[in-house]
$ cat query34.cif   # mmCIF, C-alpha atoms
data_start
#
loop_
_atom_site.group_PDB
_atom_site.id
_atom_site.type_symbol
_atom_site.label_atom_id
_atom_site.label_comp_id
_atom_site.auth_asym_id
_atom_site.auth_seq_id
_atom_site.Cartn_x
_atom_site.Cartn_y
_atom_site.Cartn_z
ATOM 1 C CA MET A 1 0.000 0.000 0.000
ATOM 2 C CA GLU A 2 2.990 2.306 0.306
ATOM 3 C CA LYS A 3 2.838 3.350 -3.346
ATOM 4 C CA LEU A 4 -0.857 4.171 -3.046
ATOM 5 C CA ILE A 5 -0.449 6.081 0.221
ATOM 6 C CA HIS A 6 2.441 8.100 -1.186
ATOM 7 C CA ARG A 7 0.395 8.972 -4.263
ATOM 8 C CA VAL A 8 -2.650 9.976 -2.192
ATOM 9 C CA GLN A 9 -0.521 12.228 -0.020
ATOM 10 C CA HIS A 10 1.509 13.695 -2.875
ATOM 11 C CA ALA A 11 -1.454 14.528 -5.132
ATOM 12 C CA ASN A 12 -4.070 15.053 -2.373
ATOM 13 C CA THR A 13 -6.564 12.838 -4.187
ATOM 14 C CA LEU A 14 -8.743 9.792 -3.589
ATOM 15 C CA LEU A 15 -9.917 9.520 -7.208
ATOM 16 C CA CYS A 16 -9.513 6.170 -8.957
ATOM 17 C CA VAL A 17 -9.800 6.502 -12.731
ATOM 18 C CA GLY A 18 -11.611 3.512 -14.191
ATOM 19 C CA LEU A 19 -10.601 2.451 -17.698
ATOM 20 C CA ASP A 20 -13.461 0.609 -19.431
ATOM 21 C CA PRO A 21 -12.665 1.174 -23.126
ATOM 22 C CA VAL A 22 -15.479 1.084 -25.673
ATOM 23 C CA GLY A 23 -15.443 1.554 -29.438
ATOM 24 C CA ASP A 24 -13.267 -0.220 -31.971
ATOM 25 C CA ASP A 25 -9.640 -0.966 -31.166
ATOM 26 C CA THR A 26 -8.278 2.187 -32.805
ATOM 27 C CA GLN A 27 -10.804 4.419 -31.051
ATOM 28 C CA ALA A 28 -10.237 2.678 -27.725
ATOM 29 C CA ALA A 29 -6.451 2.997 -27.889
ATOM 30 C CA HIS A 30 -6.685 6.691 -28.749
ATOM 31 C CA ARG A 31 -9.182 7.454 -26.007
ATOM 32 C CA LEU A 32 -7.286 5.433 -23.400
ATOM 33 C CA ALA A 33 -4.189 7.513 -24.080
ATOM 34 C CA GLU A 34 -6.217 10.724 -23.844
ATOM 35 C CA VAL A 35 -7.898 9.814 -20.572
ATOM 36 C CA ILE A 36 -4.660 8.700 -18.936
ATOM 37 C CA ASP A 37 -2.755 11.792 -20.058
ATOM 38 C CA GLN A 38 -5.536 14.203 -19.063
ATOM 39 C CA THR A 39 -6.354 12.672 -15.669
ATOM 40 C CA SER A 40 -2.943 11.545 -14.419
ATOM 41 C CA GLY A 41 -2.483 14.743 -12.436
ATOM 42 C CA TYR A 42 -5.607 13.957 -10.405
ATOM 43 C CA ALA A 43 -5.543 10.147 -10.156
ATOM 44 C CA ALA A 44 -4.699 8.272 -6.989
ATOM 45 C CA ALA A 45 -4.869 5.089 -9.072
ATOM 46 C CA PHE A 46 -5.999 3.749 -12.432
ATOM 47 C CA LYS A 47 -8.284 0.714 -12.699
ATOM 48 C CA PRO A 48 -8.481 -1.014 -16.094
ATOM 49 C CA ASN A 49 -11.393 -3.452 -16.313
ATOM 50 C CA LEU A 50 -10.054 -6.724 -17.704
ATOM 51 C CA ALA A 51 -13.272 -7.693 -19.506
ATOM 52 C CA PHE A 52 -13.174 -4.570 -21.705
ATOM 53 C CA PHE A 53 -9.747 -5.621 -22.942
ATOM 54 C CA LEU A 54 -10.206 -9.404 -23.243
ATOM 55 C CA SER A 55 -13.214 -8.872 -25.516
ATOM 56 C CA ARG A 56 -10.772 -7.560 -28.150
ATOM 57 C CA GLU A 57 -8.614 -9.678 -30.459
ATOM 58 C CA ASP A 58 -5.438 -7.910 -29.309
ATOM 59 C CA GLY A 59 -6.786 -6.985 -25.909
ATOM 60 C CA VAL A 60 -3.850 -8.170 -23.806
ATOM 61 C CA LYS A 61 -1.468 -6.154 -25.974
ATOM 62 C CA LEU A 62 -3.658 -3.076 -25.545
ATOM 63 C CA LEU A 63 -3.866 -3.676 -21.803
ATOM 64 C CA ARG A 64 -0.100 -3.898 -21.435
ATOM 65 C CA GLU A 65 0.361 -0.727 -23.488
ATOM 66 C CA THR A 66 -2.230 0.996 -21.315
ATOM 67 C CA VAL A 67 -0.501 0.025 -18.079
ATOM 68 C CA ARG A 68 2.865 1.170 -19.428
ATOM 69 C CA ARG A 69 1.376 4.573 -20.283
ATOM 70 C CA VAL A 70 0.403 5.265 -16.669
ATOM 71 C CA PRO A 71 3.052 7.543 -15.105
ATOM 72 C CA ALA A 72 5.416 5.981 -12.597
ATOM 73 C CA GLY A 73 4.225 6.470 -9.048
ATOM 74 C CA ILE A 74 0.524 5.981 -9.816
ATOM 75 C CA PRO A 75 -0.651 2.448 -8.966
ATOM 76 C CA VAL A 76 -2.648 0.342 -11.433
ATOM 77 C CA ILE A 77 -5.351 -1.992 -10.111
ATOM 78 C CA LEU A 78 -6.396 -4.671 -12.600
ATOM 79 C CA ASP A 79 -10.114 -5.224 -12.122
ATOM 80 C CA GLY A 80 -10.401 -8.906 -12.981
ATOM 81 C CA LYS A 81 -12.476 -10.098 -10.020
ATOM 82 C CA PHE A 82 -10.381 -13.258 -10.024
ATOM 83 C CA GLY A 83 -11.607 -16.170 -7.919
ATOM 84 C CA ASP A 84 -10.398 -19.747 -8.229
ATOM 85 C CA ILE A 85 -8.499 -22.430 -6.324
ATOM 86 C CA ALA A 86 -4.915 -21.726 -5.313
ATOM 87 C CA ASN A 87 -2.975 -23.273 -8.197
ATOM 88 C CA THR A 88 -5.199 -21.525 -10.738
ATOM 89 C CA ALA A 89 -5.134 -18.277 -8.764
ATOM 90 C CA ASP A 90 -1.346 -18.409 -8.873
ATOM 91 C CA HIS A 91 -1.448 -18.319 -12.673
ATOM 92 C CA TYR A 92 -3.922 -15.440 -12.618
ATOM 93 C CA ALA A 93 -1.521 -13.604 -10.313
ATOM 94 C CA ARG A 94 1.345 -14.228 -12.728
ATOM 95 C CA PHE A 95 -0.772 -12.795 -15.522
ATOM 96 C CA ALA A 96 -1.813 -9.710 -13.555
ATOM 97 C CA TYR A 97 1.597 -8.891 -12.100
ATOM 98 C CA ASP A 98 4.234 -10.423 -14.372
ATOM 99 C CA VAL A 99 2.544 -10.148 -17.783
ATOM 100 C CA VAL A 100 0.384 -7.042 -17.409
ATOM 101 C CA GLY A 101 2.465 -5.226 -14.796
ATOM 102 C CA ALA A 102 -0.369 -4.279 -12.439
ATOM 103 C CA ASP A 103 0.204 -3.155 -8.852
ATOM 104 C CA GLY A 104 -3.006 -4.692 -7.550
ATOM 105 C CA VAL A 105 -6.107 -6.710 -8.398
ATOM 106 C CA THR A 106 -9.712 -7.281 -7.414
ATOM 107 C CA VAL A 107 -10.548 -10.777 -6.154
ATOM 108 C CA ASN A 108 -13.749 -12.742 -5.574
ATOM 109 C CA PRO A 109 -13.462 -14.448 -2.147
ATOM 110 C CA TYR A 110 -16.112 -17.150 -2.700
ATOM 111 C CA MET A 111 -13.457 -19.901 -2.581
ATOM 112 C CA GLY A 112 -11.902 -18.515 0.582
ATOM 113 C CA ASP A 113 -8.291 -17.669 1.304
ATOM 114 C CA ASP A 114 -7.149 -20.030 -1.491
ATOM 115 C CA ALA A 115 -8.448 -17.469 -3.975
ATOM 116 C CA ILE A 116 -6.835 -14.495 -2.232
ATOM 117 C CA VAL A 117 -3.415 -15.436 -0.856
ATOM 118 C CA PRO A 118 -1.715 -16.113 -4.234
ATOM 119 C CA PHE A 119 -2.273 -12.450 -5.105
ATOM 120 C CA ALA A 120 -0.927 -11.167 -1.779
ATOM 121 C CA ARG A 121 2.636 -10.730 -2.954
ATOM 122 C CA PRO A 122 4.895 -8.243 -1.158
ATOM 123 C CA GLY A 123 4.380 -4.807 -2.664
ATOM 124 C CA LYS A 124 1.030 -5.689 -4.268
ATOM 125 C CA MET A 125 -2.551 -4.720 -3.376
ATOM 126 C CA VAL A 126 -5.574 -7.018 -3.258
ATOM 127 C CA PHE A 127 -9.126 -5.692 -3.053
ATOM 128 C CA VAL A 128 -11.572 -8.397 -1.964
ATOM 129 C CA LEU A 129 -15.194 -8.147 -3.091
ATOM 130 C CA ALA A 130 -17.392 -7.542 -0.060
ATOM 131 C CA LYS A 131 -20.404 -5.404 -1.072
ATOM 132 C CA THR A 132 -20.397 -4.621 -4.759
ATOM 133 C CA SER A 133 -22.204 -1.770 -6.495
ATOM 134 C CA ASN A 134 -24.690 -3.878 -8.478
ATOM 135 C CA GLN A 135 -28.134 -4.466 -6.980
ATOM 136 C CA PRO A 136 -29.370 -7.877 -8.144
ATOM 137 C CA VAL A 137 -32.718 -9.397 -7.277
ATOM 138 C CA HIS A 138 -30.939 -12.390 -5.711
ATOM 139 C CA SER A 139 -27.737 -11.435 -3.901
ATOM 140 C CA LEU A 140 -25.408 -13.781 -2.038
ATOM 141 C CA GLN A 141 -23.757 -10.793 -0.406
ATOM 142 C CA ASP A 142 -26.967 -9.848 1.409
ATOM 143 C CA VAL A 143 -27.726 -13.291 2.830
ATOM 144 C CA ALA A 144 -28.258 -12.924 6.589
ATOM 145 C CA LEU A 145 -26.116 -15.091 8.855
ATOM 146 C CA THR A 146 -27.605 -16.905 11.836
ATOM 147 C CA ARG A 147 -24.953 -15.360 14.070
ATOM 148 C CA GLY A 148 -25.886 -11.896 12.808
ATOM 149 C CA GLY A 149 -24.689 -9.745 9.969
ATOM 150 C CA TYR A 150 -24.444 -10.661 6.312
ATOM 151 C CA LEU A 151 -22.278 -12.763 4.052
ATOM 152 C CA SER A 152 -20.556 -9.555 2.923
ATOM 153 C CA ASP A 153 -19.515 -9.021 6.537
ATOM 154 C CA CYS A 154 -18.009 -12.516 6.572
ATOM 155 C CA ALA A 155 -16.023 -11.721 3.413
ATOM 156 C CA ALA A 156 -14.767 -8.547 5.081
ATOM 157 C CA GLY A 157 -13.707 -10.568 8.123
ATOM 158 C CA VAL A 158 -11.683 -12.973 5.991
ATOM 159 C CA ALA A 159 -10.005 -10.048 4.237
ATOM 160 C CA ARG A 160 -9.210 -8.365 7.539
ATOM 161 C CA LYS A 161 -7.518 -11.483 8.927
ATOM 162 C CA LEU A 162 -5.503 -11.949 5.746
ATOM 163 C CA ASP A 163 -4.501 -8.289 5.811
ATOM 164 C CA GLU A 164 -3.115 -8.803 9.309
ATOM 165 C CA GLU A 165 -1.085 -11.763 8.028
ATOM 166 C CA HIS A 166 0.040 -10.499 4.630
ATOM 167 C CA GLY A 167 -0.665 -6.764 4.418
ATOM 168 C CA GLY A 168 -1.950 -4.874 1.390
ATOM 169 C CA ILE A 169 -5.472 -6.342 1.407
ATOM 170 C CA GLY A 170 -8.516 -4.083 1.185
ATOM 171 C CA LEU A 171 -12.164 -4.366 0.209
ATOM 172 C CA VAL A 172 -14.388 -3.536 -2.737
ATOM 173 C CA VAL A 173 -17.407 -1.730 -1.294
ATOM 174 C CA GLY A 174 -19.959 -0.178 -3.633
ATOM 175 C CA ALA A 175 -21.212 3.370 -3.272
ATOM 176 C CA THR A 176 -24.817 2.363 -3.977
ATOM 177 C CA ASN A 177 -25.465 1.433 -0.334
ATOM 178 C CA ALA A 178 -24.101 3.966 2.139
ATOM 179 C CA ALA A 179 -25.403 1.993 5.112
ATOM 180 C CA ALA A 180 -23.344 -1.013 4.008
ATOM 181 C CA VAL A 181 -20.293 1.238 3.578
ATOM 182 C CA ALA A 182 -20.712 2.451 7.166
ATOM 183 C CA ARG A 183 -21.238 -1.086 8.498
ATOM 184 C CA LEU A 184 -18.166 -2.434 6.734
ATOM 185 C CA ARG A 185 -16.075 0.528 7.855
ATOM 186 C CA SER A 186 -17.007 -0.275 11.450
ATOM 187 C CA LEU A 187 -15.889 -3.885 10.870
ATOM 188 C CA SER A 188 -12.729 -2.894 8.968
ATOM 189 C CA PRO A 189 -11.617 0.430 10.443
ATOM 190 C CA GLU A 190 -8.119 0.515 8.930
ATOM 191 C CA GLN A 191 -8.393 -1.143 5.524
ATOM 192 C CA TRP A 192 -8.614 0.647 2.204
ATOM 193 C CA PHE A 193 -11.907 0.421 0.294
ATOM 194 C CA LEU A 194 -12.096 0.514 -3.493
ATOM 195 C CA VAL A 195 -15.475 2.120 -4.127
ATOM 196 C CA PRO A 196 -17.256 1.737 -7.488
ATOM 197 C CA GLY A 197 -20.774 2.921 -8.204
ATOM 198 C CA VAL A 198 -20.522 6.715 -8.075
ATOM 199 C CA GLY A 199 -21.976 8.333 -11.187
ATOM 200 C CA ALA A 200 -23.738 6.152 -13.757
ATOM 201 C CA GLN A 201 -24.775 3.551 -11.153
ATOM 202 C CA GLY A 202 -26.313 6.204 -8.917
ATOM 203 C CA GLY A 203 -24.077 6.028 -5.846
ATOM 204 C CA ASP A 204 -24.267 9.021 -3.493
ATOM 205 C CA LEU A 205 -20.773 10.508 -3.279
ATOM 206 C CA ALA A 206 -21.378 12.618 -0.181
ATOM 207 C CA ALA A 207 -23.097 9.811 1.740
ATOM 208 C CA THR A 208 -20.361 7.359 0.790
ATOM 209 C CA LEU A 209 -17.603 9.668 1.954
ATOM 210 C CA ARG A 210 -19.345 10.379 5.247
ATOM 211 C CA ALA A 211 -19.869 6.652 5.808
ATOM 212 C CA GLY A 212 -16.495 5.336 4.703
ATOM 213 C CA LEU A 213 -13.710 7.845 5.269
ATOM 214 C CA ARG A 214 -11.285 7.040 8.038
ATOM 215 C CA PRO A 215 -10.637 9.717 10.679
ATOM 216 C CA ASP A 216 -7.474 10.713 8.800
ATOM 217 C CA GLY A 217 -9.542 11.655 5.734
ATOM 218 C CA SER A 218 -8.287 8.670 3.784
ATOM 219 C CA GLY A 219 -9.023 4.966 3.250
ATOM 220 C CA LEU A 220 -11.316 5.254 0.216
ATOM 221 C CA LEU A 221 -10.571 5.057 -3.498
ATOM 222 C CA ILE A 222 -13.570 6.551 -5.296
ATOM 223 C CA ASN A 223 -13.726 4.971 -8.732
ATOM 224 C CA THR A 224 -15.246 6.754 -11.715
ATOM 225 C CA SER A 225 -15.228 5.310 -15.223
ATOM 226 C CA ARG A 226 -17.962 6.395 -17.625
ATOM 227 C CA ALA A 227 -18.105 10.020 -16.480
ATOM 228 C CA LEU A 228 -14.441 10.449 -17.388
ATOM 229 C CA TRP A 229 -14.517 8.348 -20.553
ATOM 230 C CA GLN A 230 -17.458 10.313 -21.948
ATOM 231 C CA ALA A 231 -16.283 13.757 -20.832
ATOM 232 C CA ALA A 232 -15.277 16.315 -23.445
ATOM 233 C CA ASP A 233 -12.398 17.232 -21.119
ATOM 234 C CA ALA A 234 -11.521 14.293 -18.881
ATOM 235 C CA GLY A 235 -8.938 16.343 -17.017
ATOM 236 C CA ALA A 236 -11.399 19.064 -16.074
ATOM 237 C CA THR A 237 -13.936 16.450 -14.977
ATOM 238 C CA ALA A 238 -11.308 14.684 -12.858
ATOM 239 C CA ARG A 239 -10.257 17.969 -11.274
ATOM 240 C CA GLU A 240 -13.886 18.738 -10.383
ATOM 241 C CA LEU A 241 -14.375 15.258 -8.898
ATOM 242 C CA VAL A 242 -11.280 15.600 -6.739
ATOM 243 C CA ALA A 243 -12.552 18.949 -5.459
ATOM 244 C CA GLN A 244 -15.939 17.412 -4.661
ATOM 245 C CA ILE A 245 -14.293 14.538 -2.791
ATOM 246 C CA ASN A 246 -11.849 16.703 -0.871
ATOM 247 C CA GLN A 247 -14.501 19.016 0.514
ATOM 248 C CA PHE A 248 -15.829 16.067 2.548
ATOM 249 C CA ARG A 249 -12.450 15.001 3.870
ATOM 250 C CA PRO A 250 -11.967 16.054 7.490
ATOM 251 C CA VAL A 251 -8.214 16.158 7.026
ATOM 252 C CA ALA A 252 -6.332 16.929 3.829
ATOM 253 C CA VAL A 253 -3.352 14.563 3.646
#
$ encode --input "query34.cif" --output "structure tokens"
Amino acid sequence: MEKLIHRVQHANTLLCVGLDPVGDDTQAAHRLAEVIDQTSGYAAAFKPNLAFFLSREDGVKLLRETVRRVPAGIPVILDGKFGDIANTADHYARFAYDVVGADGVTVNPYMGDDAIVPFARPGKMVFVLAKTSNQPVHSLQDVALTRGGYLSDCAAGVARKLDEEHGGIGLVVGATNAAAVARLRSLSPEQWFLVPGVGAQGGDLAATLRAGLRPDGSGLLINTSRALWQAADAGATARELVAQINQFRPVAV
């Protein structure tokens, strides 16, 4: 997490720039370069979504070029939502870190610590899905446990224990449910949250920040994808988002 914390402090930002490229390959490559160049002054991290690259014939090549374009000092979180048994997870980790060059990943914890630990390399970040931003009719995350709480709370507990053992492990917590953000912050007071769902998915930025910020004004990465991709001036939009986020931070770091 040191790279992320240094970047947050240096640039005074909690904005995570999501990279979900649409359009044909030529259009996507051009726009990816534009968005990265225009927003890099305001980004605490960049988050390319693996699916938007793998759906292209030369998607891995484009993904690697995209990661290399990100300025040094800004972490890249590969949003692959990986989740498989340990020997398979190890190969996913090799792909994410050794082939792509990412600094962190998102991981589905359904298979337990086997699916998480292979990604917990020294110097890397792992964000474990706890409460995601989608709102399905049937949600495993919202299943109530007989001992109290929800399955998402259990996932957060696993991540917290692994963070104590390995370090660098946070949570994915969607902005579409501020009450869940607050509950998970109470269960995981120190961990970093990667927070999708602000913007097109309707998440309340102010409520999320009030619910999830740590006392030091940090601990959240607010991800925005479509608003920046579609903006006429991605840099100006990023600057405005950072200003909106920072006005809710009790302490500027």
$ resolve_selection --input "query34.cif" --expression "the PyMOL selection byres ((chain A and resi 237) around 12)" --output "PyMOL selection string"
chain A and resi 15+17+35+38-39+41-43+224-236+238-244
$ closest_residue --input "query34.cif" --among "A:Asp79, A:Asp98, A:Glu34, A:Asp24" --to "Pro48 of chain A" --atoms "only C-alpha atoms"
A:Asp79
$ closest_residue --input "query34.cif" --among "A:Gln191, A:Thr88, A:Thr66, A:Ser40" --to "Ile116 of chain A" --atoms "only C-alpha atoms"
A:Thr88
$ resolve_selection --input "query34.cif" --expression "the PyMOL selection byres ((chain A and resi 149-161) around 12)" --output "PyMOL selection string"
chain A and resi 106-117+120+125-132+139-148+162-174+180-193
$ write_last_selection --input "query34.cif" --atoms "C-alpha atoms" --output "PDB file, in the coordinates of the input"
ATOM      1  CA  THR A 106      -9.712  -7.281  -7.414  1.00  0.00           C
ATOM      2  CA  VAL A 107     -10.548 -10.777  -6.154  1.00  0.00           C
ATOM      3  CA  ASN A 108     -13.749 -12.742  -5.574  1.00  0.00           C
ATOM      4  CA  PRO A 109     -13.462 -14.448  -2.147  1.00  0.00           C
ATOM      5  CA  TYR A 110     -16.112 -17.150  -2.700  1.00  0.00           C
ATOM      6  CA  MET A 111     -13.457 -19.901  -2.581  1.00  0.00           C
ATOM      7  CA  GLY A 112     -11.902 -18.515   0.582  1.00  0.00           C
ATOM      8  CA  ASP A 113      -8.291 -17.669   1.304  1.00  0.00           C
ATOM      9  CA  ASP A 114      -7.149 -20.030  -1.491  1.00  0.00           C
ATOM     10  CA  ALA A 115      -8.448 -17.469  -3.975  1.00  0.00           C
ATOM     11  CA  ILE A 116      -6.835 -14.495  -2.232  1.00  0.00           C
ATOM     12  CA  VAL A 117      -3.415 -15.436  -0.856  1.00  0.00           C
ATOM     13  CA  ALA A 120      -0.927 -11.167  -1.779  1.00  0.00           C
ATOM     14  CA  MET A 125      -2.551  -4.720  -3.376  1.00  0.00           C
ATOM     15  CA  VAL A 126      -5.574  -7.018  -3.258  1.00  0.00           C
ATOM     16  CA  PHE A 127      -9.126  -5.692  -3.053  1.00  0.00           C
ATOM     17  CA  VAL A 128     -11.572  -8.397  -1.964  1.00  0.00           C
ATOM     18  CA  LEU A 129     -15.194  -8.147  -3.091  1.00  0.00           C
ATOM     19  CA  ALA A 130     -17.392  -7.542  -0.060  1.00  0.00           C
ATOM     20  CA  LYS A 131     -20.404  -5.404  -1.072  1.00  0.00           C
ATOM     21  CA  THR A 132     -20.397  -4.621  -4.759  1.00  0.00           C
ATOM     22  CA  SER A 139     -27.737 -11.435  -3.901  1.00  0.00           C
ATOM     23  CA  LEU A 140     -25.408 -13.781  -2.038  1.00  0.00           C
ATOM     24  CA  GLN A 141     -23.757 -10.793  -0.406  1.00  0.00           C
ATOM     25  CA  ASP A 142     -26.967  -9.848   1.409  1.00  0.00           C
ATOM     26  CA  VAL A 143     -27.726 -13.291   2.830  1.00  0.00           C
ATOM     27  CA  ALA A 144     -28.258 -12.924   6.589  1.00  0.00           C
ATOM     28  CA  LEU A 145     -26.116 -15.091   8.855  1.00  0.00           C
ATOM     29  CA  THR A 146     -27.605 -16.905  11.836  1.00  0.00           C
ATOM     30  CA  ARG A 147     -24.953 -15.360  14.070  1.00  0.00           C
ATOM     31  CA  GLY A 148     -25.886 -11.896  12.808  1.00  0.00           C
ATOM     32  CA  LEU A 162      -5.503 -11.949   5.746  1.00  0.00           C
ATOM     33  CA  ASP A 163      -4.501  -8.289   5.811  1.00  0.00           C
ATOM     34  CA  GLU A 164      -3.115  -8.803   9.309  1.00  0.00           C
ATOM     35  CA  GLU A 165      -1.085 -11.763   8.028  1.00  0.00           C
ATOM     36  CA  HIS A 166       0.040 -10.499   4.630  1.00  0.00           C
ATOM     37  CA  GLY A 167      -0.665  -6.764   4.418  1.00  0.00           C
ATOM     38  CA  GLY A 168      -1.950  -4.874   1.390  1.00  0.00           C
ATOM     39  CA  ILE A 169      -5.472  -6.342   1.407  1.00  0.00           C
ATOM     40  CA  GLY A 170      -8.516  -4.083   1.185  1.00  0.00           C
ATOM     41  CA  LEU A 171     -12.164  -4.366   0.209  1.00  0.00           C
ATOM     42  CA  VAL A 172     -14.388  -3.536  -2.737  1.00  0.00           C
ATOM     43  CA  VAL A 173     -17.407  -1.730  -1.294  1.00  0.00           C
ATOM     44  CA  GLY A 174     -19.959  -0.178  -3.633  1.00  0.00           C
ATOM     45  CA  ALA A 180     -23.344  -1.013   4.008  1.00  0.00           C
ATOM     46  CA  VAL A 181     -20.293   1.238   3.578  1.00  0.00           C
ATOM     47  CA  ALA A 182     -20.712   2.451   7.166  1.00  0.00           C
ATOM     48  CA  ARG A 183     -21.238  -1.086   8.498  1.00  0.00           C
ATOM     49  CA  LEU A 184     -18.166  -2.434   6.734  1.00  0.00           C
ATOM     50  CA  ARG A 185     -16.075   0.528   7.855  1.00  0.00           C
ATOM     51  CA  SER A 186     -17.007  -0.275  11.450  1.00  0.00           C
ATOM     52  CA  LEU A 187     -15.889  -3.885  10.870  1.00  0.00           C
ATOM     53  CA  SER A 188     -12.729  -2.894   8.968  1.00  0.00           C
ATOM     54  CA  PRO A 189     -11.617   0.430  10.443  1.00  0.00           C
ATOM     55  CA  GLU A 190      -8.119   0.515   8.930  1.00  0.00           C
ATOM     56  CA  GLN A 191      -8.393  -1.143   5.524  1.00  0.00           C
ATOM     57  CA  TRP A 192      -8.614   0.647   2.204  1.00  0.00           C
ATOM     58  CA  PHE A 193     -11.907   0.421   0.294  1.00  0.00           C
TER      59      PHE A 193
END
$ resolve_selection --input "query34.cif" --expression "the PyMOL selection byres ((chain A and resi 3-5) around 7)" --output "ChimeraX atom specification"
/A:1-2,6-9,44,73,75
$ atom_distance --input "query34.cif" --atom1 "atom CA of Asp204 of chain A" --atom2 "atom CA of Ala175 of chain A"
6.4 Å
$ closest_residue --input "query34.cif" --among "A:Val70, A:Leu14, A:Ala179, A:Leu32" --to "Val195 of chain A" --atoms "only C-alpha atoms"
A:Leu14
$ closest_residue --input "query34.cif" --among "A:Ala86, A:Cys16, A:Ala11, A:Val60" --to "Leu194 of chain A" --atoms "all atoms listed in the file"
A:Cys16
$ closest_residue --input "query34.cif" --among "A:Leu50, A:Ala89, A:Ala96, A:Ile36" --to "Arg69 of chain A" --atoms "all atoms listed in the file"
A:Ile36
$ residues_near_point --input "query34.cif" --point "(-0.4, -4.7, -15.5)" --cutoff "10 Å" --atoms "all atoms listed in the file" --output "ChimeraX atom specification"
/A:47-48,60,63-68,75-78,95-105
$ residues_near_point --input "query34.cif" --point "(-14.1, 19.4, 4.1)" --cutoff "12 Å" --atoms "only C-alpha atoms" --output "list in words"
Ala206, Leu209, Arg210, Leu213, Asp216, Gly217, Val242, Ala243, Gln244, Ile245, Asn246, Gln247, Phe248, Arg249, Pro250, Val251, Ala252 and Val253 of chain A
$ write_last_selection --input "query34.cif" --atoms "C-alpha atoms" --output "PDB file, keeping the file's coordinate frame"
ATOM      1  CA  ALA A 206     -21.378  12.618  -0.181  1.00  0.00           C
ATOM      2  CA  LEU A 209     -17.603   9.668   1.954  1.00  0.00           C
ATOM      3  CA  ARG A 210     -19.345  10.379   5.247  1.00  0.00           C
ATOM      4  CA  LEU A 213     -13.710   7.845   5.269  1.00  0.00           C
ATOM      5  CA  ASP A 216      -7.474  10.713   8.800  1.00  0.00           C
ATOM      6  CA  GLY A 217      -9.542  11.655   5.734  1.00  0.00           C
ATOM      7  CA  VAL A 242     -11.280  15.600  -6.739  1.00  0.00           C
ATOM      8  CA  ALA A 243     -12.552  18.949  -5.459  1.00  0.00           C
ATOM      9  CA  GLN A 244     -15.939  17.412  -4.661  1.00  0.00           C
ATOM     10  CA  ILE A 245     -14.293  14.538  -2.791  1.00  0.00           C
ATOM     11  CA  ASN A 246     -11.849  16.703  -0.871  1.00  0.00           C
ATOM     12  CA  GLN A 247     -14.501  19.016   0.514  1.00  0.00           C
ATOM     13  CA  PHE A 248     -15.829  16.067   2.548  1.00  0.00           C
ATOM     14  CA  ARG A 249     -12.450  15.001   3.870  1.00  0.00           C
ATOM     15  CA  PRO A 250     -11.967  16.054   7.490  1.00  0.00           C
ATOM     16  CA  VAL A 251      -8.214  16.158   7.026  1.00  0.00           C
ATOM     17  CA  ALA A 252      -6.332  16.929   3.829  1.00  0.00           C
ATOM     18  CA  VAL A 253      -3.352  14.563   3.646  1.00  0.00           C
TER      19      VAL A 253
END
$ atom_distance --input "query34.cif" --atom1 "atom CA of Pro118 of chain A" --atom2 "atom CA of Leu220 of chain A"
23.8 Å
$ closest_residue --input "query34.cif" --among "A:Leu205, A:Leu221, A:Ala178, A:Ala93" --to "Gly18 of chain A" --atoms "all atoms listed in the file"
A:Leu221
$ atom_distance --input "query34.cif" --atom1 "atom CA of Gly83 of chain A" --atom2 "atom CA of Ser55 of chain A"
19.1 Å
$ axis_aligned_box --input "query34.cif" --around "segment 186-197 of chain A" --padding-each-side "8 Å" --output "lines of an AutoDock Vina configuration file"
center_x = -14.4
center_y = -0.5
center_z = 1.6
size_x = 28.7
size_y = 22.8
size_z = 35.7
$ build_atoms --input "query34.cif" --residues "segment 191-199 of chain A" --atoms "N, CA and C atoms" --output "PDB file, in the frame of the given file"
ATOM      1  N   GLN A 191      -8.666  -0.709   6.887  1.00  0.00           N
ATOM      2  CA  GLN A 191      -8.393  -1.143   5.524  1.00  0.00           C
ATOM      3  C   GLN A 191      -8.862  -0.132   4.485  1.00  0.00           C
ATOM      4  N   TRP A 192      -8.207  -0.183   3.335  1.00  0.00           N
ATOM      5  CA  TRP A 192      -8.614   0.647   2.204  1.00  0.00           C
ATOM      6  C   TRP A 192      -9.807   0.013   1.505  1.00  0.00           C
ATOM      7  N   PHE A 193     -10.748   0.846   1.076  1.00  0.00           N
ATOM      8  CA  PHE A 193     -11.907   0.421   0.294  1.00  0.00           C
ATOM      9  C   PHE A 193     -11.763   0.966  -1.123  1.00  0.00           C
ATOM     10  N   LEU A 194     -11.939   0.102  -2.100  1.00  0.00           N
ATOM     11  CA  LEU A 194     -12.096   0.514  -3.493  1.00  0.00           C
ATOM     12  C   LEU A 194     -13.587   0.625  -3.742  1.00  0.00           C
ATOM     13  N   VAL A 195     -14.041   1.819  -4.131  1.00  0.00           N
ATOM     14  CA  VAL A 195     -15.475   2.120  -4.127  1.00  0.00           C
ATOM     15  C   VAL A 195     -15.976   2.440  -5.539  1.00  0.00           C
ATOM     16  N   PRO A 196     -16.581   1.454  -6.215  1.00  0.00           N
ATOM     17  CA  PRO A 196     -17.256   1.737  -7.488  1.00  0.00           C
ATOM     18  C   PRO A 196     -18.692   2.178  -7.239  1.00  0.00           C
ATOM     19  N   GLY A 197     -19.344   2.638  -8.301  1.00  0.00           N
ATOM     20  CA  GLY A 197     -20.774   2.921  -8.204  1.00  0.00           C
ATOM     21  C   GLY A 197     -21.164   4.372  -8.152  1.00  0.00           C
ATOM     22  N   VAL A 198     -20.202   5.290  -8.029  1.00  0.00           N
ATOM     23  CA  VAL A 198     -20.522   6.715  -8.075  1.00  0.00           C
ATOM     24  C   VAL A 198     -20.711   7.113  -9.534  1.00  0.00           C
ATOM     25  N   GLY A 199     -21.756   7.875  -9.810  1.00  0.00           N
ATOM     26  CA  GLY A 199     -21.976   8.333 -11.187  1.00  0.00           C
ATOM     27  C   GLY A 199     -23.081   7.555 -11.872  1.00  0.00           C
TER      28      GLY A 199
END
